[in-house]
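Comments concern the structure below.
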Amino acid sequence: MDTLDYFEFIATPRIVYGLGSLERIGKVCQRLGCKKPFLVIDRVFVDAGTDKIIEKSMAAEGMPVCGMLTDIPPDSDLEIISKGYKQAAAAGADMLVALGGGSTLDTAKGLRVMLGMGGTLPEGVNVITKPLPPLVAVPTTAGTGSEATTAAVIRDKARGLKLGFTDPALIPSIALLDPKLTMTMPQSITAGTGMDAMAHAVESLHSTNSQFVSQGLALQAIRLIARSLPRALEDGGDLEARGEMMLAATMAGMAFSNTLVGMAHAAAHAAGAAFRIPHGTACGLFLPYVMEFNLDVSKGAYAEAARALGIDTAGMGDLEAARAAVSAIRNLHLDAGLPPSLDKAGVPRDGLETIMEKALKDGSMITNPKQPTPVQMKAFLTKVWLGEPPCGAHAPAVDAERKQAAQTPKPEQKKPAAKPADDIAPLDLSLDQMYAYYSKLFNALIEMPPVAQALAKSGIIVQFAYSNENWDKEALFTIDCSGGGIKLYTAGDGPAPQVAMRMSSDTAHRFWLQKLDLMTAINKQDIVLQGNLNEVMGLLPSILPGFAIYAQLEKERAEKGVPVEQPEEQPITEEQMLATIRAFSEKLFSLPEVAAPLRKSGIRIRFSYFNETWNNDVVLTADCGQDPIAVDFGPTSIEPVVTMRMHSDTARAFWLQKLNIMSAITKGDIMVEGNINEAVALLPAIMPGFALFKEVDGGA
C-alpha cells in the first residue's frame, strides 16, 4: 500500500488480558446486560474443572450459566452447531461464553448466528441481517485469532468442504486472554497454532487489502512469535512466552480480519478438508513456499517481515532480506517439529490434484498478491509435496546450526522485575483547597483561545465530580460551553450537565500528571462516566495544554504549600462596555483593510449589547455606505438593515476568540434581524478586530 487510500479498520473486540483473568469473567461480562449465558467449552476443560470457575464467577454477578455444549469436534461442523442451537434456544440463552481452541470459538460463532437469525446459518459474506447476542471468547490456544476476527471456518461433512464465513457481526464482544489456559497445550498444538498465527500475520502483510493499521499489528505479531514460539516449545511453563503468543495470535487475528489472507490459507483449507491435515500445520508448511511464489511483487513486505523476525538486514536489498525471511519462517516451522513436506504430512501424490482444484476456488486466494494459474499451482504443490527448500535455501544445514545453538548452555533467565511504582503522592488537599486549586487549573485552561474555541464548538456542558475519603462531599466543577463564552461553575452551581465524570481526587491528579491512561481508568471503573463518552474523548486533544498548566501549578504548590484562591471575575459594567466599544470601533474602522470592504458592502448594521446588571443596552450603529463610515452610539437616525443583539459576555467571547459565531447564532445566543448572510459575509474583513479587542477590552 503506497498511498493513504480509503479503508476501514474494525477494532472490536474489547480485549481483557491477564494471568488468572478467567476468574474475573463474571465481572468482565457484567456490562453486557445479559442474564442467561450459555457455555461452549472443550470437554478437556470440563474434565479439568474449568467450567466451574466460569460458573462461579458468572453466578456471583447474577448471571448463572443456563446450559453447556461440550462435545466439540477438532474441526467445527454444521452438525454440532445445530445441536448447540437447539440446547441454547430451549434454555433461553441471551449470550454465549466460549472457551477452547479455534474449533470451539468458531462453533460458538456459528451458534451465535443461529440464535440471532432464528435457526439459520446463512453462507456467504456480510449476510447477517439481525442483531446477534453477545459472545465472550476465551481462547486456550495461541494461533487461530478467532477471538478477534470477523471470520469462522466450519466444516460441511456432506460436501467435504471447510466453509468460510465472514461478517463484522461475527467478531466476539470480548476476548479474554488468560495465559494460564495455554499451559496444558501439548507441544504439537503449540507448534501448529503458533505457525497458524505466523501465517495470519505474514499473509495480512502481503494481502492486496493490506493497510497501515493492519501492518502495524501484523509486524508486531511476527516479532512476538519469532521470539516466543521457540521458548514456548522449549518450556511449556514459560508464562511470559505463553502470554506473548496469545497476544500475537490476537493481534494477527485483528490484522487478517481486516485484510483477509492468501494462497497459504487457500491451500491449507483445501488440504485440511481433503486430508484432515491440522490447519496450523498446513499453514506453516505452505507459508514459506507461498512467500517464494509472491517474492517478486511482495519483496518489500517480506523485507519488513525479516526485520520483525530479528534478521540483521543491514546491507541487504529488499530481495535478499525477503529471501532471508522465507528461510527463517521455513526454519521456524521445521524447528517446531512440524512435517517438512506434504508427503510427510500424509498426502498421497495423487491427492495434489484435489488440493489444487479446491485451493484455486477458495475465497482466500482473492487477496493473494499474485494469482496462480493451474500449471503454476500444480508446480507449487509438487514442490511442497517433495519438501524442496523454498528459495533454494539449504534448510537442513541452517536447521543444524540452529539446533547446535539451542544446545549451547544458556544463562539463567530471570523473571522480569516488577514494574516500579511511580511514586506519585496522594493529592492531600482539603475540599476548599481542591476548589481553589482546580478552579485555577480550569480557568487558566479555558482562557486559552485555542482551547476555548474547541470547547465552544463542542457546545458541551460537562461536570467533573471529585471524591476524597477525607471530604464530607464531592468537589463539583461544571464547565458550560453551551454559548455566551465558556463558564466555570463550582459546588453544583450552573446548568445541568450533559456529561458527568466521577473519580477520586487522586485519579484526577494522576491524569493531569500524565501518569494515567484515561481509557484504562474508564475500563477499570476508576472513572465513572454518565453521558456520551465520545463527546468527552473528542475534547481530549483540545485540553492538552492543561498538562503543562498543571505541572506549573504543582511546582507552585510545592513551593508555597497551598494553592492561592482565584479572585472572582467581576461582570463588566455598562460604562466599561461603552468605553470598550467606542475605542474598539474607532481603531477597527480606521484600518484601511477593514474600511474598504465594509464601504464596498454598503451595509447598515446595528449591534446591541445587554447585561442583567445594566439599566440600558449599549448600542452601536454603523452606516458603511458613507466615507468615512458613520458610527453612532445610542439613539441614531441611521436605520439598520441588519440588527444583532447579544449578551455582553457573548460579544466579548467572540472578540476574544472563545466563541464560534455560527454556533452562537444557531443556539440563539445571538439574535439577528435582517439578512444574516450580509453580516456573515463581512467576517473575513473584520479579522484584525481579534487582536485589537484585547488592547481595549475593559472587562479583561
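FYI, nothing fancy with the C-alpha cells labels: chains A, B, ... in order, residues from 1 per chain, ligands from 1 as they appear.
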Problem - helix (DSSP H, G or I) positions in range 626-685 of chain A, given as a ChimeraX atom specification - result: /A:648-655,661-666,676-680,683-685
Restricting the output to C-alpha atoms, write the selected residues as an mmCIF file, in the first residue's frame.
data_model
loop_
_atom_site.group_PDB
_atom_site.id
_atom_site.type_symbol
_atom_site.label_atom_id
_atom_site.label_comp_id
_atom_site.auth_asym_id
_atom_site.auth_seq_id
_atom_site.Cartn_x
_atom_site.Cartn_y
_atom_site.Cartn_z
ATOM 1 C CA SER A 648 -22.032 41.418 26.638
ATOM 2 C CA ASP A 649 -20.305 38.147 27.594
ATOM 3 C CA THR A 650 -21.172 36.691 24.181
ATOM 4 C CA ALA A 651 -19.697 39.708 22.399
ATOM 5 C CA ARG A 652 -16.516 39.584 24.445
ATOM 6 C CA ALA A 653 -16.214 35.805 23.974
ATOM 7 C CA PHE A 654 -16.431 36.273 20.198
ATOM 8 C CA TRP A 655 -13.822 39.023 20.001
ATOM 9 C CA ILE A 661 -20.312 32.812 15.861
ATOM 10 C CA MET A 662 -22.308 30.350 13.742
ATOM 11 C CA SER A 663 -22.719 28.042 16.740
ATOM 12 C CA ALA A 664 -23.860 31.013 18.850
ATOM 13 C CA ILE A 665 -26.381 32.115 16.215
ATOM 14 C CA THR A 666 -27.729 28.585 15.870
ATOM 15 C CA ILE A 676 -27.832 37.201 8.277
ATOM 16 C CA ASN A 677 -25.823 36.356 5.161
ATOM 17 C CA GLU A 678 -24.917 40.023 4.722
ATOM 18 C CA ALA A 679 -23.431 40.108 8.221
ATOM 19 C CA VAL A 680 -21.623 36.758 7.929
ATOM 20 C CA LEU A 683 -16.410 38.238 8.839
ATOM 21 C CA PRO A 684 -13.233 37.940 6.702
ATOM 22 C CA ALA A 685 -12.972 41.731 6.588
#
Exercise for the section: Write out as a ChimeraX atom specification the residues lying within 12 Å of Leu553 in chain A, counting only C-alpha atoms and excluding same-chain residues fewer than 2 positions away. Expected result: /A:436-442,444-445,509,512-513,546-551,555-564
Go through range 204-313 of chain A and flag each residue having an atom no more than 12 Å from range 13-24 of chain A; for those, report the closest pair of atoms plus their distance in Å to one decimal, using only C-alpha atoms, ordered by chain and rising number, as CSV.
residue,atom,partner,partner_atom,distance
A:Leu239,CA,A:Leu19,CA,8.6
A:Glu240,CA,A:Leu19,CA,9.9
A:Arg242,CA,A:Leu19,CA,10.3
A:Gly243,CA,A:Leu19,CA,8.3
A:Glu244,CA,A:Tyr17,CA,10.6
A:Met246,CA,A:Tyr17,CA,9.2
A:Leu247,CA,A:Tyr17,CA,8.3
A:Thr250,CA,A:Ile15,CA,8.9
A:Met251,CA,A:Ile15,CA,10.4
A:Gly253,CA,A:Pro13,CA,10.9
A:Met254,CA,A:Pro13,CA,8.9
A:Ser257,CA,A:Pro13,CA,11.6
Same residues, all heavy atoms, output as a PDB file, in the first residue's frame:
ATOM      1  N   LEU A 239       5.495 -18.678  31.217  1.00  0.00           N
ATOM      2  CA  LEU A 239       4.271 -17.873  31.135  1.00  0.00           C
ATOM      3  C   LEU A 239       4.455 -16.614  30.305  1.00  0.00           C
ATOM      4  O   LEU A 239       3.516 -16.153  29.645  1.00  0.00           O
ATOM      5  CB  LEU A 239       3.796 -17.508  32.542  1.00  0.00           C
ATOM      6  CG  LEU A 239       3.012 -18.596  33.280  1.00  0.00           C
ATOM      7  CD1 LEU A 239       2.784 -18.201  34.724  1.00  0.00           C
ATOM      8  CD2 LEU A 239       1.677 -18.851  32.580  1.00  0.00           C
ATOM      9  N   GLU A 240       5.646 -16.047  30.338  1.00  0.00           N
ATOM     10  CA  GLU A 240       5.879 -14.855  29.540  1.00  0.00           C
ATOM     11  C   GLU A 240       5.747 -15.176  28.057  1.00  0.00           C
ATOM     12  O   GLU A 240       5.106 -14.442  27.295  1.00  0.00           O
ATOM     13  CB  GLU A 240       7.257 -14.278  29.845  1.00  0.00           C
ATOM     14  CG  GLU A 240       7.528 -12.963  29.111  1.00  0.00           C
ATOM     15  CD  GLU A 240       8.910 -12.389  29.416  1.00  0.00           C
ATOM     16  OE1 GLU A 240       9.836 -13.190  29.652  1.00  0.00           O
ATOM     17  OE2 GLU A 240       9.043 -11.161  29.397  1.00  0.00           O
ATOM     18  N   ARG A 242       4.155 -17.756  26.773  1.00  0.00           N
ATOM     19  CA  ARG A 242       2.756 -18.120  26.518  1.00  0.00           C
ATOM     20  C   ARG A 242       1.892 -16.859  26.363  1.00  0.00           C
ATOM     21  O   ARG A 242       1.032 -16.779  25.484  1.00  0.00           O
ATOM     22  CB  ARG A 242       2.213 -18.969  27.670  1.00  0.00           C
ATOM     23  CG  ARG A 242       2.812 -20.366  27.790  1.00  0.00           C
ATOM     24  CD  ARG A 242       2.365 -21.254  26.661  1.00  0.00           C
ATOM     25  NE  ARG A 242       2.640 -22.666  26.931  1.00  0.00           N
ATOM     26  CZ  ARG A 242       2.434 -23.643  26.058  1.00  0.00           C
ATOM     27  NH1 ARG A 242       1.948 -23.354  24.863  1.00  0.00           N
ATOM     28  NH2 ARG A 242       2.708 -24.903  26.366  1.00  0.00           N
ATOM     29  N   GLY A 243       2.124 -15.898  27.224  1.00  0.00           N
ATOM     30  CA  GLY A 243       1.352 -14.663  27.145  1.00  0.00           C
ATOM     31  C   GLY A 243       1.612 -13.913  25.858  1.00  0.00           C
ATOM     32  O   GLY A 243       0.689 -13.395  25.218  1.00  0.00           O
ATOM     33  N   GLU A 244       2.886 -13.830  25.439  1.00  0.00           N
ATOM     34  CA  GLU A 244       3.209 -13.125  24.205  1.00  0.00           C
ATOM     35  C   GLU A 244       2.603 -13.831  23.001  1.00  0.00           C
ATOM     36  O   GLU A 244       2.170 -13.189  22.040  1.00  0.00           O
ATOM     37  CB  GLU A 244       4.728 -12.989  24.051  1.00  0.00           C
ATOM     38  CG  GLU A 244       5.336 -11.988  25.022  1.00  0.00           C
ATOM     39  CD  GLU A 244       6.754 -11.591  24.661  1.00  0.00           C
ATOM     40  OE1 GLU A 244       7.324 -12.203  23.724  1.00  0.00           O
ATOM     41  OE2 GLU A 244       7.291 -10.664  25.289  1.00  0.00           O
ATOM     42  N   MET A 246      -0.217 -15.535  23.011  1.00  0.00           N
ATOM     43  CA  MET A 246      -1.648 -15.221  22.999  1.00  0.00           C
ATOM     44  C   MET A 246      -1.893 -13.839  22.404  1.00  0.00           C
ATOM     45  O   MET A 246      -2.796 -13.647  21.574  1.00  0.00           O
ATOM     46  CB  MET A 246      -2.228 -15.280  24.408  1.00  0.00           C
ATOM     47  CG  MET A 246      -2.326 -16.654  25.014  1.00  0.00           C
ATOM     48  SD  MET A 246      -3.437 -16.695  26.438  1.00  0.00           S
ATOM     49  CE  MET A 246      -5.004 -17.023  25.625  1.00  0.00           C
ATOM     50  N   LEU A 247      -1.095 -12.876  22.819  1.00  0.00           N
ATOM     51  CA  LEU A 247      -1.252 -11.516  22.305  1.00  0.00           C
ATOM     52  C   LEU A 247      -0.935 -11.465  20.809  1.00  0.00           C
ATOM     53  O   LEU A 247      -1.622 -10.784  20.045  1.00  0.00           O
ATOM     54  CB  LEU A 247      -0.341 -10.561  23.071  1.00  0.00           C
ATOM     55  CG  LEU A 247      -0.754 -10.301  24.527  1.00  0.00           C
ATOM     56  CD1 LEU A 247       0.361  -9.575  25.273  1.00  0.00           C
ATOM     57  CD2 LEU A 247      -2.042  -9.484  24.581  1.00  0.00           C
ATOM     58  N   THR A 250      -3.851 -12.843  18.835  1.00  0.00           N
ATOM     59  CA  THR A 250      -4.973 -11.898  18.788  1.00  0.00           C
ATOM     60  C   THR A 250      -4.664 -10.746  17.842  1.00  0.00           C
ATOM     61  O   THR A 250      -5.524 -10.331  17.052  1.00  0.00           O
ATOM     62  CB  THR A 250      -5.276 -11.368  20.197  1.00  0.00           C
ATOM     63  OG1 THR A 250      -5.621 -12.469  21.042  1.00  0.00           O
ATOM     64  CG2 THR A 250      -6.434 -10.384  20.177  1.00  0.00           C
ATOM     65  N   MET A 251      -3.445 -10.210  17.901  1.00  0.00           N
ATOM     66  CA  MET A 251      -3.081  -9.112  17.005  1.00  0.00           C
ATOM     67  C   MET A 251      -3.090  -9.564  15.549  1.00  0.00           C
ATOM     68  O   MET A 251      -3.562  -8.835  14.664  1.00  0.00           O
ATOM     69  CB  MET A 251      -1.714  -8.556  17.395  1.00  0.00           C
ATOM     70  CG  MET A 251      -1.754  -7.697  18.646  1.00  0.00           C
ATOM     71  SD  MET A 251      -0.191  -6.873  18.991  1.00  0.00           S
ATOM     72  CE  MET A 251       0.742  -8.224  19.676  1.00  0.00           C
ATOM     73  N   GLY A 253      -4.877 -11.935  14.396  1.00  0.00           N
ATOM     74  CA  GLY A 253      -6.290 -12.114  14.063  1.00  0.00           C
ATOM     75  C   GLY A 253      -6.951 -10.801  13.702  1.00  0.00           C
ATOM     76  O   GLY A 253      -7.717 -10.718  12.740  1.00  0.00           O
ATOM     77  N   MET A 254      -6.673  -9.742  14.489  1.00  0.00           N
ATOM     78  CA  MET A 254      -7.227  -8.424  14.186  1.00  0.00           C
ATOM     79  C   MET A 254      -6.734  -7.935  12.827  1.00  0.00           C
ATOM     80  O   MET A 254      -7.480  -7.316  12.062  1.00  0.00           O
ATOM     81  CB  MET A 254      -6.836  -7.432  15.274  1.00  0.00           C
ATOM     82  CG  MET A 254      -7.464  -7.720  16.622  1.00  0.00           C
ATOM     83  SD  MET A 254      -6.849  -6.616  17.920  1.00  0.00           S
ATOM     84  CE  MET A 254      -7.607  -5.066  17.430  1.00  0.00           C
ATOM     85  N   SER A 257      -8.233 -10.161   9.924  1.00  0.00           N
ATOM     86  CA  SER A 257      -9.676  -9.998   9.884  1.00  0.00           C
ATOM     87  C   SER A 257     -10.060  -8.779   9.056  1.00  0.00           C
ATOM     88  O   SER A 257     -11.141  -8.734   8.462  1.00  0.00           O
ATOM     89  CB  SER A 257     -10.219  -9.858  11.309  1.00  0.00           C
ATOM     90  OG  SER A 257     -11.621  -9.853  11.314  1.00  0.00           O
TER      91      SER A 257
END
Exercise for the section: Excluding Ala169 in chain A and any residue of its chain fewer than 5 positions from it, enumerate the residues within 8 Å of it, using only C-alpha atoms, and give them as an NGL selection string. Expected result: :A and (128 or 132 or 150)
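The coordinates place CA of Arg604 in chain A at 13.4 Å from CA of Val672 in chain A.
Between CA of Val28 in chain A and CA of Asp94 in chain A there is a distance of 16.0 Å.
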Exercise for the section: Tell me which of A:Ser482, A:Asn675, A:Gln220, A:Ser590 sits closest to Ala305 in chain A, counting only C-alpha atoms. Expected result: A:Gln220
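Proximity to Gly668 in chain A was assessed for A:Gly33, A:Gly483, A:Ala496, A:Gly284 counting only C-alpha atoms; the smallest distance is recorded for A:Gly483.
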Handout entry: Residues near Glu469 in chain A, cut-off 12 Å, only C-alpha atoms, skip fewer than 6 positions along chain, as a ChimeraX atom specification
Key = /A:426-431,475,503-506
